[in-house]
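Have a look at the structure below before the remarks.
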Amino acid sequence: MTDVAHGRTATYPDPPTVDPADPSAAHLARLVQRYGRSPFTPLETVRHELGVDRDTFARLLATVRRRPDLRAAVTSGPSGQYWTKTILPLERDGVLDNVLARKVVYPHIIALYPGPTCMFRCHFCVRVTGARYQQSALADGNAMFASVIDEVPPDNPFAMYVSGGLEPLTNPGLGELVSRAAGRGFKLVLYSNSFALTEQTLSRQPGLWDLHGLRTSLYGLTDEEYEETTGKRAAFGRVKDNLLRFQRLRADRDRPVRLGFSYLVLPGRARRLLHLVDFIAELNAAAPDYPIDFLDLREDYSGRPDGKLSAAERAELQDALGAFADRVAERTPTLRVDYGYALQGLKAGIESELIRVDPAGMRPTAHIQAGVQIDVLGDVYLYREAGFPGLPGAQRYIAGRVGPGRSLAQVVEEYVHSGAGVAAVPGDEYFMDGFDQVLTARLSQLEADIAAGWRDFRGFLR
Ligand code: SF4
């Protein structure tokens, strides 16, 4: 199957072979195509589109379930990343069933937000300028984080990560927390802007070498771009120096900290992607045996109506992504690039469906069984973009507070048993990141399928 757009040809796997004598073949092909493009569609919607009765539809669904080639055709479709990156792993781990059954379990993913402040003021960031956690709160906060690290069952080494909220490296106790978690077998990844990843920080916090990975959010490739985005002068030079040093040190120490980036492709900066590859190649040259491990590219769709790019922007971005992929193959061939939900389809020239949950689509009880975020005060937030101090309305999304005498397990239990829910108002949708949005859309889909009597086949694939 090929789609041609903007002069670039995209190739997807051929559709699975279907018997032309089989009258259901056309229906199967349409099903596969529909869910490869729009994974969150309720089953009844598709049944009506196909114009088949329930028995026939059940037979079609059972056929898809039986045939790996049909499943593969769905997951390699233009929206396949939703299936492969998020939905199917959560299904495999029973996380979605736990949410639907309102079980009292440890959240599947626990984000620690230990940063009391941030040195940047990115123009797209929701944080409140000037709002921060007091330094005097850090001792108790770090004791609280230590207690969470100690209580989480160690059966899933990736159950926790460190992010924000604000910048984690502004917490001088972070290294100790990382070591503590590593001592219990957790593989922590730190999300940071790496401005404070200085020689001094590394020597004062040797525990940072116990990280499993460091993911640096990169806000430009020159000092000018950084200043435009973060408001901070001369920041790129410092971040680059920090990363070059980190590269050399991890090679010298033979430390297996995985190193990578997330990079938001901001409007008008698509052409800069080639320079991004050159930057990574420069870091690789500093430690040839330890090339940069990964790069997560993300599209910035904030501030656009419906999150849609104009046709001209799409064309520019698609061409830039093609040239970028060629440059990666040439200069940084070991780099694992993740294009995310939206860019993967765009790169291939096929418009995928980008999920945008509005306040009416938000679930009052959210999805505490799937994930929580814990800030310096011990407040347990239900959404990833809500954990900032002083953010108007965000307090409504606090499930409870961990602290002396109250564990995370107790917070979850009390929250679930209370039946508490939040009535979303306009603007609340910005508390959700992409992961929260996918979860919300999937859970609503599952509930619709179950309500329509499709429990056995709910969610199409699992
Ligand atoms: S996006 Fe991150 S680095 Fe930028 S201001 Fe917000 S917390 Fe700081």
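All residue names refer to the structure tokens as shown: chains lettered A, B, ... in order, residues numbered from 1 in each chain, ligands numbered from 1 in order.
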Subject >> alpha helix (DSSP H) per DSSP on the backbone: members of segment 197-379 of chain A, as a PyMOL selection string >> reply: chain A and resi 199-204+223-230+235-253+273-286+311-331+340-347
**OP:** Write out as a ChimeraX atom specification each polymer residue whose atoms come within 10 Å of segment 243-245 of chain A, counting only C-alpha atoms; drop sequence neighbours fewer than 2 positions from it.
**Re:** /A:194-195,197-199,216,237-241,247-251,259,282-287
Original post:
Any idea what's packed within 12 Å of Arg396 of chain A, counting only C-alpha atoms, ignoring anything in its chain fewer than 2 positions away? Could you give it as a ChimeraX atom specification?
Top reply: /A:364-366,379-383,386-387,390-394,398-400,420-425,428,431
Residues as selected, N, CA, C and O atoms, written as a JSON list (two decimals), in the first residue's frame, can you do that?
[["chain", "number", "residue", "atom", "x", "y", "z"],
["A", 364, "PRO", "N", -14.00, 11.62, 35.27],
["A", 364, "PRO", "CA", -13.99, 12.23, 36.60],
["A", 364, "PRO", "C", -13.01, 11.55, 37.57],
["A", 364, "PRO", "O", -12.39, 12.21, 38.39],
["A", 365, "THR", "N", -12.87, 10.22, 37.45],
["A", 365, "THR", "CA", -11.99, 9.52, 38.39],
["A", 365, "THR", "C", -10.59, 9.30, 37.81],
["A", 365, "THR", "O", -9.76, 8.65, 38.44],
["A", 366, "ALA", "N", -10.34, 9.85, 36.62],
["A", 366, "ALA", "CA", -9.02, 9.74, 35.98],
["A", 366, "ALA", "C", -8.57, 8.28, 35.91],
["A", 366, "ALA", "O", -9.39, 7.39, 35.65],
["A", 379, "ASP", "N", 2.16, 15.62, 47.46],
["A", 379, "ASP", "CA", 0.85, 15.61, 46.81],
["A", 379, "ASP", "C", 0.88, 14.68, 45.60],
["A", 379, "ASP", "O", 1.81, 14.72, 44.78],
["A", 380, "VAL", "N", -0.16, 13.86, 45.51],
["A", 380, "VAL", "CA", -0.25, 12.84, 44.45],
["A", 380, "VAL", "C", -1.20, 13.36, 43.37],
["A", 380, "VAL", "O", -2.42, 13.44, 43.59],
["A", 381, "TYR", "N", -0.64, 13.71, 42.23],
["A", 381, "TYR", "CA", -1.44, 14.30, 41.15],
["A", 381, "TYR", "C", -1.91, 13.20, 40.18],
["A", 381, "TYR", "O", -1.18, 12.24, 39.90],
["A", 382, "LEU", "N", -3.11, 13.43, 39.64],
["A", 382, "LEU", "CA", -3.70, 12.45, 38.74],
["A", 382, "LEU", "C", -3.25, 12.63, 37.30],
["A", 382, "LEU", "O", -3.38, 11.71, 36.50],
["A", 383, "TYR", "N", -2.76, 13.81, 36.94],
["A", 383, "TYR", "CA", -2.33, 14.06, 35.56],
["A", 383, "TYR", "C", -0.91, 14.62, 35.54],
["A", 383, "TYR", "O", -0.48, 15.32, 36.45],
["A", 386, "ALA", "N", -0.16, 18.49, 35.77],
["A", 386, "ALA", "CA", -0.81, 19.23, 36.85],
["A", 386, "ALA", "C", 0.14, 19.50, 38.02],
["A", 386, "ALA", "O", -0.14, 20.37, 38.85],
["A", 387, "GLY", "N", 1.26, 18.79, 38.09],
["A", 387, "GLY", "CA", 2.14, 18.85, 39.25],
["A", 387, "GLY", "C", 3.08, 20.03, 39.29],
["A", 387, "GLY", "O", 4.30, 19.87, 39.36],
["A", 390, "GLY", "N", 1.22, 26.13, 42.62],
["A", 390, "GLY", "CA", 0.42, 27.33, 42.35],
["A", 390, "GLY", "C", -0.33, 27.34, 41.05],
["A", 390, "GLY", "O", -0.88, 28.38, 40.66],
["A", 391, "LEU", "N", -0.41, 26.21, 40.36],
["A", 391, "LEU", "CA", -1.10, 26.18, 39.06],
["A", 391, "LEU", "C", -2.62, 26.22, 39.31],
["A", 391, "LEU", "O", -3.17, 25.33, 39.94],
["A", 392, "PRO", "N", -3.29, 27.26, 38.84],
["A", 392, "PRO", "CA", -4.72, 27.38, 39.14],
["A", 392, "PRO", "C", -5.50, 26.15, 38.70],
["A", 392, "PRO", "O", -5.37, 25.70, 37.57],
["A", 393, "GLY", "N", -6.30, 25.64, 39.60],
["A", 393, "GLY", "CA", -7.18, 24.50, 39.28],
["A", 393, "GLY", "C", -6.53, 23.14, 39.46],
["A", 393, "GLY", "O", -7.22, 22.12, 39.53],
["A", 394, "ALA", "N", -5.19, 23.11, 39.51],
["A", 394, "ALA", "CA", -4.51, 21.82, 39.55],
["A", 394, "ALA", "C", -4.74, 21.07, 40.87],
["A", 394, "ALA", "O", -4.73, 19.84, 40.90],
["A", 398, "ILE", "N", -5.46, 16.58, 42.86],
["A", 398, "ILE", "CA", -4.63, 15.91, 43.86],
["A", 398, "ILE", "C", -5.47, 14.82, 44.52],
["A", 398, "ILE", "O", -6.54, 15.10, 45.08],
["A", 399, "ALA", "N", -4.97, 13.58, 44.48],
["A", 399, "ALA", "CA", -5.72, 12.46, 45.06],
["A", 399, "ALA", "C", -5.54, 12.38, 46.57],
["A", 399, "ALA", "O", -6.38, 11.83, 47.28],
["A", 400, "GLY", "N", -4.44, 12.92, 47.06],
["A", 400, "GLY", "CA", -4.14, 12.85, 48.49],
["A", 400, "GLY", "C", -2.68, 13.20, 48.69],
["A", 400, "GLY", "O", -1.98, 13.54, 47.74],
["A", 420, "ALA", "N", -14.29, 9.63, 44.92],
["A", 420, "ALA", "CA", -14.16, 11.04, 44.55],
["A", 420, "ALA", "C", -13.91, 11.18, 43.04],
["A", 420, "ALA", "O", -13.27, 10.34, 42.42],
["A", 421, "GLY", "N", -14.45, 12.24, 42.50],
["A", 421, "GLY", "CA", -14.22, 12.51, 41.08],
["A", 421, "GLY", "C", -14.15, 14.01, 40.87],
["A", 421, "GLY", "O", -14.57, 14.79, 41.72],
["A", 422, "VAL", "N", -13.59, 14.40, 39.75],
["A", 422, "VAL", "CA", -13.45, 15.82, 39.45],
["A", 422, "VAL", "C", -14.29, 16.15, 38.24],
["A", 422, "VAL", "O", -14.21, 15.48, 37.21],
["A", 423, "ALA", "N", -15.11, 17.18, 38.37],
["A", 423, "ALA", "CA", -15.88, 17.66, 37.21],
["A", 423, "ALA", "C", -14.97, 18.61, 36.43],
["A", 423, "ALA", "O", -14.61, 19.68, 36.93],
["A", 424, "ALA", "N", -14.60, 18.20, 35.24],
["A", 424, "ALA", "CA", -13.65, 19.00, 34.46],
["A", 424, "ALA", "C", -14.29, 20.29, 33.96],
["A", 424, "ALA", "O", -15.48, 20.33, 33.64],
["A", 425, "VAL", "N", -13.48, 21.34, 33.91],
["A", 425, "VAL", "CA", -13.93, 22.61, 33.35],
["A", 425, "VAL", "C", -12.98, 22.98, 32.22],
["A", 425, "VAL", "O", -11.87, 22.44, 32.13],
["A", 428, "ASP", "N", -8.95, 22.42, 31.82],
["A", 428, "ASP", "CA", -8.41, 21.26, 32.53],
["A", 428, "ASP", "C", -7.70, 20.30, 31.58],
["A", 428, "ASP", "O", -6.83, 19.52, 32.00],
["A", 431, "PHE", "N", -3.97, 19.82, 31.69],
["A", 431, "PHE", "CA", -3.29, 19.07, 32.74],
["A", 431, "PHE", "C", -2.85, 17.68, 32.25],
["A", 431, "PHE", "O", -2.08, 17.00, 32.90]]
Original post:
Near Ala235 of chain A, counting only C-alpha atoms, which residues have an atom at most 12 Å away, once you skip same-chain residues fewer than 3 positions from it, shown as number ranges by chain?
Top reply: A: 119-121, 193-196, 218-232, 238-242
Please tabulate, as CSV, the residues of chain A that come within 6 Å of ligand 1, each with its closest pair of atoms and the distance in Å to one decimal, counting only C-alpha atoms and all ligand atoms and ordering rows by chain, then residue number upward.
residue,atom,partner,partner_atom_place_in_ligand_line,distance
A:Cys118,CA,ligand 1,8 (Fe),4.8
A:Phe120,CA,ligand 1,5 (S),4.4
A:Arg121,CA,ligand 1,5 (S),3.8
A:Cys122,CA,ligand 1,4 (Fe),4.2
A:Cys125,CA,ligand 1,6 (Fe),4.5
A:Arg127,CA,ligand 1,6 (Fe),6.0
A:Gly165,CA,ligand 1,7 (S),5.7
A:Leu166,CA,ligand 1,7 (S),4.2
A:Glu167,CA,ligand 1,7 (S),5.5
A:Asn193,CA,ligand 1,3 (S),5.5
Original post:
Within 7 Å of Val189 of chain A, counting only C-alpha atoms, which residues qualify if same-chain residues fewer than 5 places away don't, as a list of chain:residue names?
Top reply: A:Tyr161, A:Val162, A:Leu211, A:His212, A:Gly213, A:Leu214
Subject >> 10 Å contact set for Arg47 of chain A, only C-alpha atoms, chain neighbours under 5 positions out, as a PyMOL selection string >> reply: chain A and resi 27+31+42+52-54+56-58
Could you take the residues named above and write them with N, CA, C and O atoms, as an mmCIF file, in the first residue's frame?
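Generated file (selection_29.cif):
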data_model
loop_
_atom_site.group_PDB
_atom_site.id
_atom_site.type_symbol
_atom_site.label_atom_id
_atom_site.label_comp_id
_atom_site.auth_asym_id
_atom_site.auth_seq_id
_atom_site.Cartn_x
_atom_site.Cartn_y
_atom_site.Cartn_z
ATOM 1 N N HIS A 27 -15.009 -6.640 4.414
ATOM 2 C CA HIS A 27 -15.257 -6.115 5.756
ATOM 3 C C HIS A 27 -13.999 -6.181 6.617
ATOM 4 O O HIS A 27 -13.690 -5.252 7.359
ATOM 5 N N LEU A 31 -12.100 -3.106 8.385
ATOM 6 C CA LEU A 31 -11.857 -3.096 9.837
ATOM 7 C C LEU A 31 -10.394 -2.786 10.149
ATOM 8 O O LEU A 31 -10.079 -1.951 10.995
ATOM 9 N N PRO A 42 -15.209 3.413 18.896
ATOM 10 C CA PRO A 42 -16.038 2.371 19.533
ATOM 11 C C PRO A 42 -16.493 1.336 18.506
ATOM 12 O O PRO A 42 -16.727 1.657 17.339
ATOM 13 N N VAL A 52 -23.416 -4.252 9.229
ATOM 14 C CA VAL A 52 -23.603 -5.689 9.479
ATOM 15 C C VAL A 52 -24.321 -5.902 10.808
ATOM 16 O O VAL A 52 -24.313 -5.030 11.678
ATOM 17 N N ASP A 53 -24.951 -7.083 10.956
ATOM 18 C CA ASP A 53 -25.636 -7.363 12.218
ATOM 19 C C ASP A 53 -24.607 -7.813 13.265
ATOM 20 O O ASP A 53 -23.436 -8.037 12.959
ATOM 21 N N ARG A 54 -25.066 -7.976 14.482
ATOM 22 C CA ARG A 54 -24.132 -8.249 15.582
ATOM 23 C C ARG A 54 -23.439 -9.598 15.413
ATOM 24 O O ARG A 54 -22.247 -9.727 15.706
ATOM 25 N N THR A 56 -22.713 -11.243 12.656
ATOM 26 C CA THR A 56 -21.687 -11.133 11.607
ATOM 27 C C THR A 56 -20.478 -10.351 12.134
ATOM 28 O O THR A 56 -19.324 -10.737 11.907
ATOM 29 N N PHE A 57 -20.767 -9.273 12.839
ATOM 30 C CA PHE A 57 -19.674 -8.444 13.355
ATOM 31 C C PHE A 57 -18.832 -9.239 14.356
ATOM 32 O O PHE A 57 -17.593 -9.167 14.337
ATOM 33 N N ALA A 58 -19.485 -10.025 15.205
ATOM 34 C CA ALA A 58 -18.748 -10.836 16.178
ATOM 35 C C ALA A 58 -17.836 -11.832 15.462
ATOM 36 O O ALA A 58 -16.703 -12.075 15.893
#
**OP:** Mind checking which residues fall within 9 Å of Ser163 of chain A, counting only C-alpha atoms, ignoring those fewer than 4 positions away in the same chain, and posting them as an NGL selection string?
**Re:** :A and (111-115 or 167-168 or 189-192 or 373)
Subject >> Interatomic distance (Å, one decimal) between atom CA of Arg180 of chain A and atom CA of Gly405 of chain A >> reply: 20.6 Å
